[in-house]
Amino acid sequence: MKISLIRSFIVGASTILLSQAAMAGEFSVDTGKRPITIGIGVLHKDKPYEDYDSSEKTNAVPLVLYEGKNFFARGSTIGWDFMDSDALELAVIGEYLADGYESSDSDFLKGMDDRDPSFGLGGHVVWKPENLGLKLAAVTDMADNSDGTQVRGEVFYTHRTGDWMFKPYAGVIWQDEDYNDYYYGVRSKEVNIPIGRTAYSADSDFNYRFGAVAVYQQKTSPWMYIAGLRYDLLGDEIDDSPIVEDDTELTAIIGVAYSFRK
């Protein structure tokens, strides 16, 4: 009983702390040891749900970055690395999973139960011998929402020139049936035939991701400027859902942050 209460407290507290910084963290970059860097950004995220309210697409979000000896915070991801050399990082991670909706986000979703964002635990391996790198990460929902698992493979290229850093990347994301069914399924009690919302159970599937991030920071300045763009091509198990309007999701962010150097 005590263990269950402690687990619930940790998950709840972590979710609250990361919930607003999470989306900005999708564009964070690991650039070696970095002091605590805090800022604010404007995030636009066009989720694929039917008639998704335009007022929900753009929000102000905090930016949080930190790279210590072992502990790191990269927006939506916190972690502890057991191995961090110039070429390889192996870490245990906790990650805020920002999928989901409230039924008020769309007229088409009215009558649905809210699908809450969640907090996952897992790990990642990053191989970065030169500018080209590979990343494999896996997390499982620990907040008792979807109870699902997400596995991501990514290839990225880091290019630095002067005070600029550019990082294009591409990846494949596998989500199991628990994850997809929670966020894109329609339960029998949520069916609304007149508007075309039929019962639906989603299976596991792959999504494909393409994006790029740009960071500008002068070596003598504590100010950091970030811009990012990401395009997700969603799998058929998501696209076939009656509550989904599009098989793509576009996310963009611009922001500014301050590094608290010693």
# chains A, B, ... in the order shown; residues from 1 in each chain; ligands from 1
>>> select_by_dssp(residues="segment 43-175 of chain A", states="strand (DSSP E or B)", output="PyMOL selection string")
chain A and resi 43-46+49+58-67+71-74+77-84+88-97+101+115+118-127+132-141+149-157+159-161+164-175
>>> write_last_selection(atoms="C-alpha atoms", output="CSV table (one decimal), in the first residue's frame")
chain,number,residue,atom,x,y,z
A,43,LEU,CA,4.5,26.3,-29.3
A,44,HIS,CA,2.1,25.4,-32.2
A,45,LYS,CA,0.9,21.8,-32.3
A,46,ASP,CA,-1.8,20.8,-34.7
A,49,TYR,CA,-8.3,15.0,-34.1
A,58,THR,CA,-0.8,27.5,-29.9
A,59,ASN,CA,0.4,27.9,-26.3
A,60,ALA,CA,3.2,29.5,-24.3
A,61,VAL,CA,5.5,26.9,-22.8
A,62,PRO,CA,8.5,27.1,-20.5
A,63,LEU,CA,11.9,25.8,-21.8
A,64,VAL,CA,14.1,23.8,-19.3
A,65,LEU,CA,17.5,22.4,-20.2
A,66,TYR,CA,20.3,21.1,-18.0
A,67,GLU,CA,23.3,18.8,-18.6
A,71,PHE,CA,21.6,14.0,-14.2
A,72,PHE,CA,20.0,15.8,-17.2
A,73,ALA,CA,16.8,17.7,-17.9
A,74,ARG,CA,15.8,18.1,-21.6
A,77,THR,CA,12.8,14.2,-20.5
A,78,ILE,CA,14.7,13.8,-17.3
A,79,GLY,CA,17.3,11.2,-16.8
A,80,TRP,CA,20.4,9.7,-15.2
A,81,ASP,CA,23.2,8.5,-17.4
A,82,PHE,CA,25.2,5.5,-16.4
A,83,MET,CA,27.6,5.9,-19.3
A,84,ASP,CA,28.3,9.2,-21.1
A,88,LEU,CA,27.9,6.8,-26.3
A,89,GLU,CA,25.2,7.7,-23.7
A,90,LEU,CA,23.3,5.1,-21.8
A,91,ALA,CA,20.6,6.4,-19.4
A,92,VAL,CA,17.5,5.7,-17.4
A,93,ILE,CA,14.8,8.3,-18.3
A,94,GLY,CA,11.5,9.6,-17.2
A,95,GLU,CA,9.4,11.3,-19.9
A,96,TYR,CA,6.2,13.3,-20.1
A,97,LEU,CA,4.0,11.9,-22.9
A,101,TYR,CA,-7.1,15.6,-25.5
A,115,ARG,CA,-7.6,11.2,-22.7
A,118,SER,CA,1.0,10.6,-19.1
A,119,PHE,CA,4.4,10.0,-17.6
A,120,GLY,CA,6.6,7.1,-18.9
A,121,LEU,CA,9.7,5.4,-17.4
A,122,GLY,CA,12.3,3.6,-19.5
A,123,GLY,CA,15.7,4.2,-21.0
A,124,HIS,CA,17.7,5.3,-24.0
A,125,VAL,CA,20.9,4.7,-25.8
A,126,VAL,CA,22.5,7.4,-27.9
A,127,TRP,CA,25.5,6.7,-30.2
A,132,LEU,CA,26.0,11.8,-37.3
A,133,GLY,CA,24.2,9.9,-34.5
A,134,LEU,CA,21.7,7.3,-33.6
A,135,LYS,CA,19.2,7.1,-30.7
A,136,LEU,CA,17.0,4.3,-29.4
A,137,ALA,CA,14.5,5.1,-26.6
A,138,ALA,CA,11.7,3.1,-25.0
A,139,VAL,CA,9.2,4.2,-22.3
A,140,THR,CA,6.1,2.7,-20.7
A,141,ASP,CA,3.3,4.6,-19.1
A,149,THR,CA,4.6,1.5,-24.5
A,150,GLN,CA,6.4,3.7,-27.0
A,151,VAL,CA,9.7,2.8,-28.7
A,152,ARG,CA,11.6,5.3,-30.9
A,153,GLY,CA,14.5,5.0,-33.2
A,154,GLU,CA,16.1,8.2,-34.6
A,155,VAL,CA,19.0,9.2,-36.8
A,156,PHE,CA,20.3,12.8,-36.5
A,157,TYR,CA,23.0,15.0,-37.8
A,159,HIS,CA,26.2,20.7,-37.5
A,160,ARG,CA,27.8,23.6,-35.7
A,161,THR,CA,29.1,26.8,-37.4
A,164,TRP,CA,24.8,28.4,-34.6
A,165,MET,CA,23.8,24.7,-34.2
A,166,PHE,CA,21.6,22.9,-36.7
A,167,LYS,CA,20.1,19.4,-36.0
A,168,PRO,CA,18.0,17.7,-38.7
A,169,TYR,CA,16.6,14.3,-37.7
A,170,ALA,CA,14.3,11.5,-38.8
A,171,GLY,CA,12.8,8.6,-36.9
A,172,VAL,CA,10.4,5.7,-36.6
A,173,ILE,CA,8.1,5.4,-33.6
A,174,TRP,CA,6.3,2.2,-32.6
A,175,GLN,CA,3.3,2.4,-30.3
>>> select_by_dssp(residues="segment 78-214 of chain A", states="alpha helix (DSSP H)", output="list in words")
Glu177, Asp178, Tyr179, Asn180, Asp181, Tyr182, Tyr183 and Tyr184 of chain A
>>> residues_around(residues="segment 185-191 of chain A", least_positions_apart="2", cutoff="8 Å", atoms="only C-alpha atoms", output="number ranges by chain")
A: 111-113, 180-183, 193, 197-202, 241-243
>>> closest_residue(among="A:Met142, A:Ser85, A:Lys33, A:Gly41", to="Ala227 of chain A", atoms="only C-alpha atoms")
A:Gly41
>>> closest_residue(among="A:Ser55, A:Ser103, A:Ser204, A:Ser221", to="Ala257 of chain A", atoms="only C-alpha atoms")
A:Ser221
>>> atom_distance(atom1="atom CA of Lys110 of chain A", atom2="atom CA of Ala98 of chain A")
20.2 Å
